[in-house]
Amino acid sequence: MRRHRITSLCAAALLGAGALLGTGSASVAVPSDADAETEAVAVVPVRNAAELKGALAAAKPGDTIQLADGTYRGNFKAYASGRGSAPITLTGSGGAVLRARGGYGLHLNGASYWNLSGFTVTGGQKGIMLDAADHVHINSVTVHGLAMEGVHFRNSSSDGSIRNSTVYDTGNNGRGMGEGIYVGSAGGTSDGSDRVLIENNTLGPDIGGESIDIKEGTTGARIIGNTFDGSGLTGAHFDDSWVDIKGNDVLVAHNTGTHTTNDGFQTHTVQDGWGCRATFRGNTSDLRGASGPSRYAINVTNYAQGSCPVTITRDNTVTGGRALTNPGVPVTGSGG
């Protein structure tokens with residue numbers, strides 16, 4: 001494993017210098033000017049599983065680990081954190097494939113301030129798992145071919161994002177626990193994986209659970225501009241919609257969904273005081289072919305104007321199904 005260590009004053013010169021690394025464009029985090037005299041960053045090209053494990057173990061704030069195309073077999077873990085001014089980056093093209101042998105493909109355990117971009121994760125039980133990992137930003141990855149869920153923000157992993165990514169073919173154990181993107185934990189409210197942005201992703205087909213599941217105990221998730229194909233819904237564990245919201249203050253805006261067994265979007269209260277104050281704007285739902293008992297684009301299972309309200313604007317649309325939302329739930333405003 002070769003480490004090319006450079007001072008932060010030189011880091012900007014490497015931006016776009018993919019030819020130097022031989023695997024596409026480099027992405028180097030440049031620290032603030034105050035750190036410029038003392039901080040150094042490393043660009044670490046890796047070409048096999050052993051080199052990748054070594055780079056993850058040795059990663060320092062500001063480092064960029066550059067994956068060459070190829071297959072990296074194993075389970076990969078990171079424990080080191082970056083900083084706000086100097087995140088750690090793991091990047092490669094879609095031809096750089098992390099192929100797990102059971103377990104998690106990539107596990108960031110207490111590893112905050114990471115950027116993950118471009119590569120593919122497949123095989124194993126779960127794809128990308130974040131535990132107590134704040135400010136992790138995932139961009140343009142592909143996750144598929146898993147026994148259970150694709151990407152999981154867990155154990156109070158907050159202020160992260162997944163954008164411009166593709167998740168499909170999950171939940172292959174057939175037990176309805178193959179969510180595409182999973183935020184929080186079931187069974188209590190201690191997992192405060194808050195303020196997670198889920199934007200411009202393609203989710204499905206063959207996701208063996210909801211495309212997105214937002215659990216009780218989490219607050220402030222934003223689900224924006226995603227495309228859902230629910231053709232893999234199994235009905236096990238009540239997975240009969242693209243999105244299931246049990247957390248609070250969730251924004252759901254400008255998403256498009258097709259192929260569901262029942263509803264498009266659902267809110268539930270499984271813990272008192274949770275599953276409330278969701279906002280739905282500009283979503284497009286195609287429920288043709290749905291055969292479930294409710295068949296609403298937005299099924300609000302616990303609505304109370306004072307204690308557990310919801311906002312649904314008129315720019316949400318539905319084709320097929322029974323109605324935009326269930327009786328008694330107001331549809332107001334012009335969206336935006």
# chains A, B, ... in the order shown; residues from 1 in each chain; ligands from 1
$ residues_around --residues "stretch 73-83 of chain A" --least-positions-apart "5" --cutoff "7 Å" --atoms "only C-alpha atoms" --output "short mmCIF file (atom, residue, chain, number, x, y, z; two decimals) with C-alpha atoms, in the first residue's frame"
data_model
loop_
_atom_site.label_atom_id
_atom_site.label_comp_id
_atom_site.auth_asym_id
_atom_site.auth_seq_id
_atom_site.Cartn_x
_atom_site.Cartn_y
_atom_site.Cartn_z
CA ALA A 49 -8.54 -6.32 -0.04
CA LYS A 53 -8.08 -3.06 5.20
CA LEU A 56 -9.00 1.86 6.64
CA ALA A 57 -7.07 0.97 9.80
CA ALA A 59 -6.82 6.47 8.00
CA LYS A 60 -6.28 9.98 9.37
CA PRO A 61 -8.37 13.15 9.02
CA GLY A 62 -8.15 14.49 5.48
CA ILE A 88 -11.82 10.94 5.42
CA LEU A 98 -16.61 -4.59 -2.20
CA ARG A 99 -17.91 -8.17 -2.12
CA ALA A 100 -18.72 -9.39 1.38
CA ARG A 101 -18.66 -12.92 2.71
CA GLY A 103 -21.81 -9.88 7.66
CA TYR A 104 -21.48 -6.25 6.56
CA GLY A 105 -19.83 -5.13 3.37
CA LEU A 106 -18.60 -1.83 4.85
CA HIS A 107 -19.01 -0.99 8.55
CA LEU A 108 -18.24 2.49 9.91
CA ASN A 109 -18.26 1.88 13.67
CA GLY A 110 -17.90 5.13 15.59
CA ALA A 111 -16.23 6.56 12.49
CA SER A 112 -17.60 10.06 11.91
CA TYR A 113 -16.85 12.58 9.15
CA TRP A 114 -16.43 10.23 6.21
#
$ residues_around --residues "stretch 159-171 of chain A" --least-positions-apart "2" --cutoff "9 Å" --atoms "only C-alpha atoms" --output "MDAnalysis selection string"
chainID A and resid 113 118 125:126 133:151 153 157 173:181 193:209 211 226 232
$ write_last_selection --atoms "C-alpha atoms" --output "compact mmCIF listing (two decimals), in the first residue's frame"
# COMPACT_ATOMS: atom_id res chain seq x y z
CA TYR A 113 -16.85 12.58 9.15
CA GLY A 118 -18.70 5.93 -6.40
CA GLN A 125 -25.91 -9.76 5.02
CA LYS A 126 -25.97 -5.94 4.87
CA ALA A 133 -21.08 7.59 12.88
CA ASP A 134 -22.09 11.23 12.42
CA HIS A 135 -21.59 13.39 9.33
CA VAL A 136 -21.13 10.48 6.94
CA HIS A 137 -22.03 11.43 3.38
CA ILE A 138 -22.64 8.72 0.78
CA ASN A 139 -22.76 9.73 -2.86
CA SER A 140 -23.18 7.80 -6.13
CA VAL A 141 -22.66 4.33 -4.65
CA THR A 142 -24.37 1.13 -5.82
CA VAL A 143 -25.57 -1.41 -3.25
CA HIS A 144 -27.20 -4.72 -4.24
CA GLY A 145 -27.33 -8.48 -3.79
CA LEU A 146 -27.84 -8.66 -0.01
CA ALA A 147 -29.60 -10.93 2.46
CA MET A 148 -30.95 -7.96 4.43
CA GLU A 149 -30.92 -4.14 4.16
CA GLY A 150 -28.81 -2.03 1.86
CA VAL A 151 -27.72 1.05 3.86
CA PHE A 153 -27.89 4.67 9.69
CA SER A 157 -25.70 8.18 13.35
CA ASN A 173 -33.43 -14.03 2.95
CA GLY A 174 -37.16 -13.59 2.23
CA ARG A 175 -38.08 -12.42 5.73
CA GLY A 176 -39.14 -8.90 4.82
CA MET A 177 -36.06 -7.31 6.41
CA GLY A 178 -34.42 -6.04 3.28
CA GLU A 179 -35.07 -2.29 3.43
CA GLY A 180 -33.19 -0.22 0.89
CA ILE A 181 -32.31 2.58 3.32
CA SER A 193 -30.21 8.89 14.05
CA ASP A 194 -31.39 12.40 13.25
CA ARG A 195 -31.40 14.77 10.28
CA VAL A 196 -30.47 12.20 7.64
CA LEU A 197 -30.86 13.40 4.05
CA ILE A 198 -31.98 10.82 1.45
CA GLU A 199 -31.94 12.54 -1.92
CA ASN A 200 -32.04 11.68 -5.64
CA ASN A 201 -31.57 7.95 -5.19
CA THR A 202 -32.94 5.10 -7.31
CA LEU A 203 -34.41 2.44 -5.01
CA GLY A 204 -35.53 -0.87 -6.47
CA PRO A 205 -36.46 -3.11 -8.07
CA ASP A 206 -36.37 -6.24 -5.89
CA ILE A 207 -36.00 -4.54 -2.53
CA GLY A 208 -37.42 -7.10 -0.10
CA GLY A 209 -38.83 -4.49 2.29
CA SER A 211 -37.38 1.29 0.03
CA ASN A 226 -36.05 9.71 -5.02
CA GLY A 232 -39.88 -6.61 -4.59
$ closest_residue --among "A:Gly306, A:Gly220, A:Gly230, A:Gly247" --to "A:Ser185" --atoms "only C-alpha atoms"
A:Gly247
$ atom_distance --atom1 "atom CA of A:Thr227" --atom2 "atom CA of A:Asp191"
26.7 Å
$ closest_residue --among "A:Leu233, A:Cys276, A:Ala55, A:Ala86" --to "A:Glu216" --atoms "only C-alpha atoms"
A:Cys276
$ residues_around --residues "A:Pro330" --least-positions-apart "3" --cutoff "10 Å" --atoms "only C-alpha atoms" --output "PyMOL selection string"
chain A and resi 303+305+309-314+325-327+333
$ closest_residue --among "A:His259, A:His268, A:Arg154, A:His237" --to "A:Thr218" --atoms "only C-alpha atoms"
A:Arg154
$ atom_distance --atom1 "atom CA of A:Ala297" --atom2 "atom CA of A:Thr317"
8.0 Å
$ atom_distance --atom1 "atom CA of A:Leu52" --atom2 "atom CA of A:Ala68"
10.2 Å
$ closest_residue --among "A:Asn262, A:Asn115, A:Gly102, A:Gly328" --to "A:Gly84" --atoms "only C-alpha atoms"
A:Asn115
$ residues_around --residues "A:Asp213" --least-positions-apart "6" --cutoff "6 Å" --atoms "only C-alpha atoms" --output "PyMOL selection string"
chain A and resi 182+243-244
$ residues_around --residues "stretch 284-295 of chain A" --least-positions-apart "2" --cutoff "12 Å" --atoms "only C-alpha atoms" --output "ChimeraX atom specification"
/A:224-231,233-235,238-243,252-266,280-282,297-301,313-327
